[in-house]
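This is structure33.txt. It holds compact mmCIF, N, CA and C atoms.
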# COMPACT_ATOMS: atom_id res chain seq x y z
N MET A 6 18.33 140.22 103.59
CA MET A 6 17.88 140.83 102.36
C MET A 6 18.70 142.10 102.10
N PHE A 7 18.04 143.25 101.96
CA PHE A 7 18.74 144.50 101.72
C PHE A 7 18.82 145.28 103.03
N GLU A 8 19.81 146.13 103.15
CA GLU A 8 19.81 147.06 104.26
C GLU A 8 18.91 148.21 103.89
N THR A 9 18.12 148.66 104.84
CA THR A 9 17.25 149.78 104.58
C THR A 9 18.07 151.05 104.61
N SER A 10 17.92 151.89 103.60
CA SER A 10 18.72 153.10 103.53
C SER A 10 18.19 154.16 104.48
N LYS A 11 19.04 155.13 104.78
CA LYS A 11 18.66 156.23 105.65
C LYS A 11 17.53 157.04 105.04
N GLU A 12 17.51 157.10 103.71
CA GLU A 12 16.48 157.87 103.04
C GLU A 12 15.09 157.32 103.32
N LEU A 13 14.99 156.04 103.61
CA LEU A 13 13.70 155.43 103.86
C LEU A 13 13.27 155.55 105.32
N SER A 14 14.13 156.00 106.16
CA SER A 14 13.82 156.08 107.58
C SER A 14 13.13 157.40 107.92
N PRO A 15 11.96 157.35 108.53
CA PRO A 15 11.29 158.58 108.92
C PRO A 15 11.92 159.25 110.13
N PHE A 16 12.94 158.60 110.70
CA PHE A 16 13.56 159.12 111.92
C PHE A 16 14.86 159.85 111.64
N GLY A 17 15.26 159.96 110.37
CA GLY A 17 16.45 160.72 110.02
C GLY A 17 17.73 159.93 110.09
N GLY A 18 17.82 158.94 110.94
CA GLY A 18 19.03 158.12 111.06
C GLY A 18 18.84 156.83 110.30
N SER A 19 19.58 155.82 110.70
CA SER A 19 19.39 154.53 110.05
C SER A 19 18.06 153.94 110.49
N ALA A 20 17.54 153.05 109.68
CA ALA A 20 16.24 152.46 109.98
C ALA A 20 16.28 151.68 111.28
N SER A 21 17.39 150.99 111.54
CA SER A 21 17.45 150.18 112.75
C SER A 21 17.42 151.05 114.00
N SER A 22 18.10 152.21 113.97
CA SER A 22 18.05 153.08 115.15
C SER A 22 16.66 153.69 115.29
N GLY A 23 15.99 153.93 114.15
CA GLY A 23 14.64 154.46 114.19
C GLY A 23 13.66 153.44 114.73
N LEU A 24 13.86 152.20 114.36
CA LEU A 24 12.97 151.14 114.83
C LEU A 24 13.08 150.96 116.33
N SER A 25 14.25 151.21 116.89
CA SER A 25 14.42 151.01 118.32
C SER A 25 13.55 151.97 119.14
N GLN A 26 13.07 153.00 118.49
CA GLN A 26 12.19 153.94 119.18
C GLN A 26 10.75 153.45 119.23
N LEU A 27 10.46 152.38 118.49
CA LEU A 27 9.12 151.83 118.43
C LEU A 27 8.97 150.67 119.41
N SER A 28 7.72 150.33 119.72
CA SER A 28 7.46 149.16 120.55
C SER A 28 7.89 147.92 119.78
N LEU A 29 8.10 146.81 120.49
CA LEU A 29 8.51 145.57 119.84
C LEU A 29 7.50 145.13 118.79
N GLY A 30 6.23 145.28 119.08
CA GLY A 30 5.19 144.90 118.12
C GLY A 30 5.27 145.73 116.85
N LEU A 31 5.44 147.05 117.01
CA LEU A 31 5.56 147.91 115.84
C LEU A 31 6.86 147.65 115.08
N GLN A 32 7.92 147.31 115.81
CA GLN A 32 9.18 146.97 115.14
C GLN A 32 8.99 145.75 114.24
N ARG A 33 8.35 144.71 114.76
CA ARG A 33 8.09 143.50 113.97
C ARG A 33 7.22 143.81 112.76
N GLN A 34 6.16 144.58 113.01
CA GLN A 34 5.24 144.93 111.93
C GLN A 34 5.97 145.75 110.85
N THR A 35 6.81 146.68 111.27
CA THR A 35 7.55 147.51 110.32
C THR A 35 8.54 146.67 109.54
N ARG A 36 9.26 145.79 110.21
CA ARG A 36 10.21 144.92 109.51
C ARG A 36 9.51 144.05 108.47
N ARG A 37 8.34 143.49 108.84
CA ARG A 37 7.59 142.66 107.89
C ARG A 37 7.16 143.48 106.67
N GLU A 38 6.70 144.70 106.91
CA GLU A 38 6.27 145.55 105.80
C GLU A 38 7.44 145.91 104.90
N VAL A 39 8.59 146.22 105.50
CA VAL A 39 9.79 146.53 104.72
C VAL A 39 10.19 145.30 103.90
N GLU A 40 10.12 144.12 104.48
CA GLU A 40 10.44 142.90 103.74
C GLU A 40 9.47 142.68 102.59
N ARG A 41 8.18 142.99 102.80
CA ARG A 41 7.20 142.85 101.71
C ARG A 41 7.52 143.82 100.56
N VAL A 42 7.88 145.05 100.90
CA VAL A 42 8.23 146.04 99.88
C VAL A 42 9.47 145.58 99.12
N GLN A 43 10.47 145.11 99.84
CA GLN A 43 11.70 144.63 99.20
C GLN A 43 11.42 143.43 98.30
N THR A 44 10.57 142.54 98.76
CA THR A 44 10.21 141.36 97.97
C THR A 44 9.52 141.78 96.68
N ARG A 45 8.59 142.72 96.77
CA ARG A 45 7.90 143.20 95.56
C ARG A 45 8.89 143.84 94.59
N ALA A 46 9.85 144.58 95.13
CA ALA A 46 10.86 145.22 94.26
C ALA A 46 11.72 144.17 93.56
N ILE A 47 12.11 143.14 94.28
CA ILE A 47 12.92 142.07 93.69
C ILE A 47 12.14 141.36 92.59
N VAL A 48 10.88 141.04 92.87
CA VAL A 48 10.05 140.36 91.87
C VAL A 48 9.86 141.25 90.65
N ALA A 49 9.64 142.54 90.86
CA ALA A 49 9.47 143.47 89.73
C ALA A 49 10.73 143.53 88.88
N LYS A 50 11.89 143.56 89.52
CA LYS A 50 13.16 143.60 88.77
C LYS A 50 13.36 142.31 87.98
N LEU A 51 13.12 141.18 88.60
CA LEU A 51 13.28 139.90 87.90
C LEU A 51 12.28 139.77 86.75
N THR A 52 11.07 140.28 86.94
CA THR A 52 10.07 140.27 85.88
C THR A 52 10.56 141.10 84.69
N GLU A 53 11.08 142.29 84.96
CA GLU A 53 11.61 143.14 83.88
C GLU A 53 12.80 142.50 83.20
N ASP A 54 13.69 141.90 83.99
CA ASP A 54 14.83 141.19 83.40
C ASP A 54 14.37 140.06 82.49
N GLY A 55 13.37 139.32 82.94
CA GLY A 55 12.84 138.22 82.14
C GLY A 55 12.19 138.72 80.86
N ARG A 56 11.41 139.80 80.98
CA ARG A 56 10.76 140.36 79.79
C ARG A 56 11.80 140.86 78.79
N ALA A 57 12.85 141.51 79.28
CA ALA A 57 13.92 142.00 78.39
C ALA A 57 14.64 140.84 77.71
N PHE A 58 14.92 139.79 78.46
CA PHE A 58 15.60 138.61 77.89
C PHE A 58 14.72 137.97 76.82
N LEU A 59 13.44 137.79 77.13
CA LEU A 59 12.52 137.20 76.17
C LEU A 59 12.40 138.06 74.92
N THR A 60 12.33 139.37 75.09
CA THR A 60 12.24 140.29 73.95
C THR A 60 13.50 140.22 73.10
N HIS A 61 14.65 140.23 73.74
CA HIS A 61 15.92 140.16 73.02
C HIS A 61 16.00 138.88 72.20
N THR A 62 15.64 137.77 72.81
CA THR A 62 15.67 136.48 72.12
C THR A 62 14.69 136.47 70.94
N ALA A 63 13.49 136.99 71.16
CA ALA A 63 12.49 137.02 70.09
C ALA A 63 12.97 137.89 68.93
N LEU A 64 13.58 139.04 69.23
CA LEU A 64 14.10 139.90 68.17
C LEU A 64 15.19 139.21 67.37
N GLU A 65 16.07 138.51 68.05
CA GLU A 65 17.12 137.77 67.34
C GLU A 65 16.51 136.73 66.41
N HIS A 66 15.51 136.00 66.93
CA HIS A 66 14.89 134.95 66.13
C HIS A 66 14.12 135.53 64.95
N VAL A 67 13.38 136.61 65.19
CA VAL A 67 12.63 137.23 64.10
C VAL A 67 13.60 137.73 63.02
N GLY A 68 14.71 138.32 63.45
CA GLY A 68 15.71 138.77 62.48
C GLY A 68 16.27 137.63 61.66
N ALA A 69 16.64 136.54 62.33
CA ALA A 69 17.20 135.38 61.62
C ALA A 69 16.16 134.76 60.70
N LEU A 70 14.92 134.63 61.17
CA LEU A 70 13.87 134.05 60.33
C LEU A 70 13.54 134.95 59.14
N THR A 71 13.57 136.25 59.35
CA THR A 71 13.31 137.18 58.26
C THR A 71 14.42 137.10 57.20
N ALA A 72 15.66 137.00 57.65
CA ALA A 72 16.77 136.84 56.70
C ALA A 72 16.62 135.54 55.92
N LEU A 73 16.25 134.47 56.62
CA LEU A 73 16.03 133.19 55.94
C LEU A 73 14.87 133.29 54.97
N GLU A 74 13.81 133.94 55.40
CA GLU A 74 12.65 134.16 54.52
C GLU A 74 13.07 134.88 53.23
N GLN A 75 13.84 135.95 53.39
CA GLN A 75 14.30 136.71 52.23
C GLN A 75 15.15 135.83 51.30
N HIS A 76 16.03 135.05 51.89
CA HIS A 76 16.87 134.14 51.09
C HIS A 76 16.02 133.13 50.33
N LEU A 77 15.07 132.53 51.04
CA LEU A 77 14.24 131.50 50.41
C LEU A 77 13.37 132.09 49.30
N ILE A 78 12.92 133.32 49.47
CA ILE A 78 12.15 133.96 48.41
C ILE A 78 12.99 134.08 47.14
N THR A 79 14.28 134.36 47.32
CA THR A 79 15.19 134.46 46.18
C THR A 79 15.42 133.09 45.54
N VAL A 80 15.60 132.07 46.38
CA VAL A 80 15.92 130.73 45.90
C VAL A 80 14.68 130.01 45.35
N ALA A 81 13.58 130.11 46.06
CA ALA A 81 12.36 129.41 45.66
C ALA A 81 11.18 130.37 45.79
N PRO A 82 11.01 131.27 44.83
CA PRO A 82 10.01 132.33 44.94
C PRO A 82 8.56 131.85 45.04
N LEU A 83 8.26 130.66 44.58
CA LEU A 83 6.87 130.17 44.67
C LEU A 83 6.42 129.98 46.12
N GLY A 84 7.35 129.82 47.04
CA GLY A 84 7.00 129.63 48.45
C GLY A 84 6.86 130.93 49.24
N GLU A 85 6.94 132.08 48.56
CA GLU A 85 6.95 133.37 49.26
C GLU A 85 5.79 133.54 50.25
N ALA A 86 4.59 133.26 49.82
CA ALA A 86 3.43 133.44 50.70
C ALA A 86 3.53 132.53 51.94
N ARG A 87 4.02 131.32 51.72
CA ARG A 87 4.17 130.38 52.84
C ARG A 87 5.25 130.85 53.81
N TYR A 88 6.38 131.30 53.27
CA TYR A 88 7.47 131.78 54.14
C TYR A 88 6.99 132.95 55.00
N ARG A 89 6.31 133.88 54.33
CA ARG A 89 5.81 135.06 55.06
C ARG A 89 4.83 134.65 56.16
N GLU A 90 3.94 133.73 55.83
CA GLU A 90 2.95 133.26 56.81
C GLU A 90 3.63 132.63 58.02
N ILE A 91 4.64 131.83 57.79
CA ILE A 91 5.34 131.15 58.88
C ILE A 91 6.08 132.17 59.76
N VAL A 92 6.81 133.07 59.13
CA VAL A 92 7.57 134.06 59.91
C VAL A 92 6.61 135.01 60.62
N ASP A 93 5.55 135.42 59.95
CA ASP A 93 4.57 136.30 60.61
C ASP A 93 3.91 135.59 61.79
N SER A 94 3.60 134.31 61.64
CA SER A 94 2.99 133.55 62.74
C SER A 94 3.93 133.47 63.94
N TYR A 95 5.22 133.20 63.67
CA TYR A 95 6.19 133.17 64.76
C TYR A 95 6.24 134.53 65.44
N THR A 96 6.31 135.59 64.63
CA THR A 96 6.42 136.94 65.17
C THR A 96 5.22 137.29 66.05
N LEU A 97 4.03 136.97 65.58
CA LEU A 97 2.82 137.25 66.38
C LEU A 97 2.82 136.44 67.67
N GLY A 98 3.23 135.18 67.59
CA GLY A 98 3.29 134.35 68.81
C GLY A 98 4.31 134.87 69.80
N ALA A 99 5.47 135.30 69.31
CA ALA A 99 6.50 135.84 70.20
C ALA A 99 6.01 137.13 70.85
N ALA A 100 5.36 137.98 70.07
CA ALA A 100 4.84 139.24 70.61
C ALA A 100 3.78 138.96 71.68
N ALA A 101 2.93 137.98 71.44
CA ALA A 101 1.90 137.62 72.43
C ALA A 101 2.54 137.09 73.71
N ALA A 102 3.58 136.30 73.58
CA ALA A 102 4.28 135.77 74.77
C ALA A 102 4.89 136.90 75.58
N ILE A 103 5.46 137.88 74.89
CA ILE A 103 6.06 139.03 75.60
C ILE A 103 4.97 139.83 76.32
N ARG A 104 3.82 140.04 75.67
CA ARG A 104 2.73 140.78 76.31
C ARG A 104 2.22 140.05 77.55
N ARG A 105 2.17 138.72 77.51
CA ARG A 105 1.67 137.94 78.65
C ARG A 105 2.64 137.92 79.82
N TRP A 106 3.92 138.13 79.54
CA TRP A 106 4.95 138.02 80.58
C TRP A 106 4.75 139.13 81.60
N SER A 107 4.48 138.75 82.82
CA SER A 107 4.34 139.77 83.86
C SER A 107 4.50 139.21 85.23

Could you quickly redo this structure as structure tokens?
Amino acid sequence: MFETSKELSPFGGSASSGLSQLSLGLQRQTRREVERVQTRAIVAKLTEDGRAFLTHTALEHVGALTALEQHLITVAPLGEARYREIVDSYTLGAAAAIRRWS
């Protein structure tokens, strides 16, 4: 996984040299806890990356749909209420999906 930085070591040196000062049982327990923390950090980063990607995609789609809506209002103004309803529905659904992403 990741190398544990010196900043995370309570012993001042590298984590591995600090661990050698502990009993084998405590070394195993400490390594497992460090792995759990690293795993949570990786999952948090991937979650944020996913949320940003989903948000970016939704913004692009809302922009394109809004431009199409504006064009259609010009071309066929009687459909304005319908166009707005469709684009607003998409926008609300996309926003809800982003809120649920975690």

- At what distance in Å, to one decimal, does CA of Leu24 (chain A) lie from atom C of Glu40 (chain A)? 15.3 Å

- Distance query region 90-106 of chain A at most 7 Å, only C-alpha atoms, self and fewer than 3 positions along chain excluded, as an MDAnalysis selection string: chainID A and resid 56 59:60 63 67 70:71 86:87

Dump of N, CA and C atoms for the selected residues, as a tab-separated table (two decimals), keeping the file's coordinate frame:
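So the final result, stored in out.tsv, reads:
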chain	number	residue	atom	x	y	z
A	56	ARG	N	11.41	139.80	80.98
A	56	ARG	CA	10.76	140.36	79.79
A	56	ARG	C	11.80	140.86	78.79
A	59	LEU	N	13.44	137.79	77.13
A	59	LEU	CA	12.52	137.20	76.17
A	59	LEU	C	12.40	138.06	74.92
A	60	THR	N	12.33	139.37	75.09
A	60	THR	CA	12.24	140.29	73.95
A	60	THR	C	13.50	140.22	73.10
A	63	ALA	N	13.49	136.99	71.16
A	63	ALA	CA	12.49	137.02	70.09
A	63	ALA	C	12.97	137.89	68.93
A	67	VAL	N	13.38	136.61	65.19
A	67	VAL	CA	12.63	137.23	64.10
A	67	VAL	C	13.60	137.73	63.02
A	70	LEU	N	14.92	134.63	61.17
A	70	LEU	CA	13.87	134.05	60.33
A	70	LEU	C	13.54	134.95	59.14
A	71	THR	N	13.57	136.25	59.35
A	71	THR	CA	13.31	137.18	58.26
A	71	THR	C	14.42	137.10	57.20
A	86	ALA	N	4.59	133.26	49.82
A	86	ALA	CA	3.43	133.44	50.70
A	86	ALA	C	3.53	132.53	51.94
A	87	ARG	N	4.02	131.32	51.72
A	87	ARG	CA	4.17	130.38	52.84
A	87	ARG	C	5.25	130.85	53.81

- Message: as JSON, numbers by chain, please: every residue in chain A that a backbone DSSP assignment puts in helix (DSSP H, G or I).
- Response: {"A": [11, 12, 13, 20, 21, 22, 23, 24, 29, 30, 31, 32, 33, 34, 35, 36, 37, 38, 39, 40, 41, 42, 43, 44, 45, 46, 47, 48, 49, 50, 51, 52, 53, 54, 55, 56, 57, 58, 59, 60, 61, 62, 63, 64, 65, 66, 67, 68, 69, 70, 71, 72, 73, 74, 75, 76, 77, 78, 79, 80, 82, 83, 84, 85, 86, 87, 88, 89, 90, 91, 92, 93, 94, 95, 96, 97, 98, 99, 100, 101, 102, 103, 104, 105]}

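Separating CA of Glu85 (chain A) from atom C of Leu73 (chain A) is a distance of 9.8 Å.
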
- Query: What does the distance from CA of Glu38 (chain A) to atom N of Gly23 (chain A) come to in Å, to one decimal?
  - Reply: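 Those two atoms sit 15.3 Å apart.
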
Generate the missing atoms of region 82-93 of chain A up to all heavy atoms and report them as a PDB file, keeping the file's coordinate frame.
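Wrote out_7.pdb, looks like this:
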ATOM      1  N   PRO A  82      11.010 131.270  44.830  1.00  0.00           N
ATOM      2  CA  PRO A  82      10.010 132.330  44.940  1.00  0.00           C
ATOM      3  C   PRO A  82       8.560 131.850  45.040  1.00  0.00           C
ATOM      4  O   PRO A  82       7.723 132.571  45.593  1.00  0.00           O
ATOM      5  CB  PRO A  82      10.224 133.160  43.666  1.00  0.00           C
ATOM      6  CG  PRO A  82      11.090 132.372  42.770  1.00  0.00           C
ATOM      7  CD  PRO A  82      11.780 131.347  43.593  1.00  0.00           C
ATOM      8  N   LEU A  83       8.260 130.660  44.580  1.00  0.00           N
ATOM      9  CA  LEU A  83       6.870 130.170  44.670  1.00  0.00           C
ATOM     10  C   LEU A  83       6.420 129.980  46.120  1.00  0.00           C
ATOM     11  O   LEU A  83       5.229 129.962  46.394  1.00  0.00           O
ATOM     12  CB  LEU A  83       6.716 128.868  43.886  1.00  0.00           C
ATOM     13  CG  LEU A  83       6.827 128.992  42.364  1.00  0.00           C
ATOM     14  CD1 LEU A  83       6.714 127.622  41.701  1.00  0.00           C
ATOM     15  CD2 LEU A  83       5.765 129.940  41.829  1.00  0.00           C
ATOM     16  N   GLY A  84       7.350 129.820  47.040  1.00  0.00           N
ATOM     17  CA  GLY A  84       7.000 129.630  48.450  1.00  0.00           C
ATOM     18  C   GLY A  84       6.860 130.930  49.240  1.00  0.00           C
ATOM     19  O   GLY A  84       6.649 130.887  50.449  1.00  0.00           O
ATOM     20  N   GLU A  85       6.940 132.080  48.560  1.00  0.00           N
ATOM     21  CA  GLU A  85       6.950 133.370  49.260  1.00  0.00           C
ATOM     22  C   GLU A  85       5.790 133.540  50.250  1.00  0.00           C
ATOM     23  O   GLU A  85       5.999 133.907  51.405  1.00  0.00           O
ATOM     24  CB  GLU A  85       6.948 134.524  48.262  1.00  0.00           C
ATOM     25  CG  GLU A  85       6.968 135.885  48.935  1.00  0.00           C
ATOM     26  CD  GLU A  85       7.106 137.039  47.959  1.00  0.00           C
ATOM     27  OE1 GLU A  85       7.322 136.813  46.742  1.00  0.00           O
ATOM     28  OE2 GLU A  85       6.998 138.182  48.419  1.00  0.00           O
ATOM     29  N   ALA A  86       4.590 133.260  49.820  1.00  0.00           N
ATOM     30  CA  ALA A  86       3.430 133.440  50.700  1.00  0.00           C
ATOM     31  C   ALA A  86       3.530 132.530  51.940  1.00  0.00           C
ATOM     32  O   ALA A  86       3.214 132.940  53.060  1.00  0.00           O
ATOM     33  CB  ALA A  86       2.135 133.163  49.950  1.00  0.00           C
ATOM     34  N   ARG A  87       4.020 131.320  51.720  1.00  0.00           N
ATOM     35  CA  ARG A  87       4.170 130.380  52.840  1.00  0.00           C
ATOM     36  C   ARG A  87       5.250 130.850  53.810  1.00  0.00           C
ATOM     37  O   ARG A  87       5.067 130.800  55.030  1.00  0.00           O
ATOM     38  CB  ARG A  87       4.519 128.987  52.312  1.00  0.00           C
ATOM     39  CG  ARG A  87       3.402 128.353  51.540  1.00  0.00           C
ATOM     40  CD  ARG A  87       3.805 126.959  51.038  1.00  0.00           C
ATOM     41  NE  ARG A  87       2.938 126.579  49.953  1.00  0.00           N
ATOM     42  CZ  ARG A  87       3.287 126.608  48.663  1.00  0.00           C
ATOM     43  NH1 ARG A  87       4.509 126.955  48.310  1.00  0.00           N
ATOM     44  NH2 ARG A  87       2.430 126.246  47.743  1.00  0.00           N
ATOM     45  N   TYR A  88       6.380 131.300  53.270  1.00  0.00           N
ATOM     46  CA  TYR A  88       7.470 131.780  54.140  1.00  0.00           C
ATOM     47  C   TYR A  88       6.990 132.950  55.000  1.00  0.00           C
ATOM     48  O   TYR A  88       7.230 133.002  56.196  1.00  0.00           O
ATOM     49  CB  TYR A  88       8.683 132.236  53.326  1.00  0.00           C
ATOM     50  CG  TYR A  88       9.183 131.255  52.285  1.00  0.00           C
ATOM     51  CD1 TYR A  88       9.692 131.717  51.083  1.00  0.00           C
ATOM     52  CD2 TYR A  88       9.156 129.884  52.498  1.00  0.00           C
ATOM     53  CE1 TYR A  88      10.162 130.838  50.105  1.00  0.00           C
ATOM     54  CE2 TYR A  88       9.623 129.002  51.530  1.00  0.00           C
ATOM     55  CZ  TYR A  88      10.117 129.482  50.333  1.00  0.00           C
ATOM     56  OH  TYR A  88      10.578 128.616  49.381  1.00  0.00           O
ATOM     57  N   ARG A  89       6.310 133.880  54.330  1.00  0.00           N
ATOM     58  CA  ARG A  89       5.810 135.060  55.060  1.00  0.00           C
ATOM     59  C   ARG A  89       4.830 134.650  56.160  1.00  0.00           C
ATOM     60  O   ARG A  89       4.867 135.172  57.267  1.00  0.00           O
ATOM     61  CB  ARG A  89       5.169 136.058  54.105  1.00  0.00           C
ATOM     62  CG  ARG A  89       6.158 136.738  53.210  1.00  0.00           C
ATOM     63  CD  ARG A  89       5.546 137.945  52.503  1.00  0.00           C
ATOM     64  NE  ARG A  89       6.414 138.434  51.444  1.00  0.00           N
ATOM     65  CZ  ARG A  89       7.527 139.127  51.638  1.00  0.00           C
ATOM     66  NH1 ARG A  89       7.917 139.404  52.854  1.00  0.00           N
ATOM     67  NH2 ARG A  89       8.259 139.523  50.611  1.00  0.00           N
ATOM     68  N   GLU A  90       3.940 133.730  55.830  1.00  0.00           N
ATOM     69  CA  GLU A  90       2.950 133.260  56.810  1.00  0.00           C
ATOM     70  C   GLU A  90       3.630 132.630  58.020  1.00  0.00           C
ATOM     71  O   GLU A  90       3.253 132.897  59.168  1.00  0.00           O
ATOM     72  CB  GLU A  90       2.005 132.242  56.150  1.00  0.00           C
ATOM     73  CG  GLU A  90       0.971 131.644  57.088  1.00  0.00           C
ATOM     74  CD  GLU A  90      -0.092 132.632  57.532  1.00  0.00           C
ATOM     75  OE1 GLU A  90      -0.335 133.617  56.831  1.00  0.00           O
ATOM     76  OE2 GLU A  90      -0.680 132.392  58.609  1.00  0.00           O
ATOM     77  N   ILE A  91       4.640 131.830  57.790  1.00  0.00           N
ATOM     78  CA  ILE A  91       5.340 131.150  58.880  1.00  0.00           C
ATOM     79  C   ILE A  91       6.080 132.170  59.760  1.00  0.00           C
ATOM     80  O   ILE A  91       5.970 132.141  61.000  1.00  0.00           O
ATOM     81  CB  ILE A  91       6.306 130.078  58.333  1.00  0.00           C
ATOM     82  CG1 ILE A  91       5.503 128.916  57.743  1.00  0.00           C
ATOM     83  CG2 ILE A  91       7.265 129.586  59.419  1.00  0.00           C
ATOM     84  CD1 ILE A  91       6.325 127.951  56.907  1.00  0.00           C
ATOM     85  N   VAL A  92       6.810 133.070  59.130  1.00  0.00           N
ATOM     86  CA  VAL A  92       7.570 134.060  59.910  1.00  0.00           C
ATOM     87  C   VAL A  92       6.610 135.010  60.620  1.00  0.00           C
ATOM     88  O   VAL A  92       6.828 135.352  61.799  1.00  0.00           O
ATOM     89  CB  VAL A  92       8.578 134.815  59.004  1.00  0.00           C
ATOM     90  CG1 VAL A  92       9.243 135.949  59.783  1.00  0.00           C
ATOM     91  CG2 VAL A  92       9.630 133.851  58.472  1.00  0.00           C
ATOM     92  N   ASP A  93       5.550 135.420  59.950  1.00  0.00           N
ATOM     93  CA  ASP A  93       4.570 136.300  60.610  1.00  0.00           C
ATOM     94  C   ASP A  93       3.910 135.590  61.790  1.00  0.00           C
ATOM     95  O   ASP A  93       3.682 136.204  62.839  1.00  0.00           O
ATOM     96  CB  ASP A  93       3.500 136.757  59.612  1.00  0.00           C
ATOM     97  CG  ASP A  93       4.029 137.752  58.588  1.00  0.00           C
ATOM     98  OD1 ASP A  93       5.162 138.265  58.767  1.00  0.00           O
ATOM     99  OD2 ASP A  93       3.309 138.012  57.600  1.00  0.00           O
TER     100      ASP A  93
END
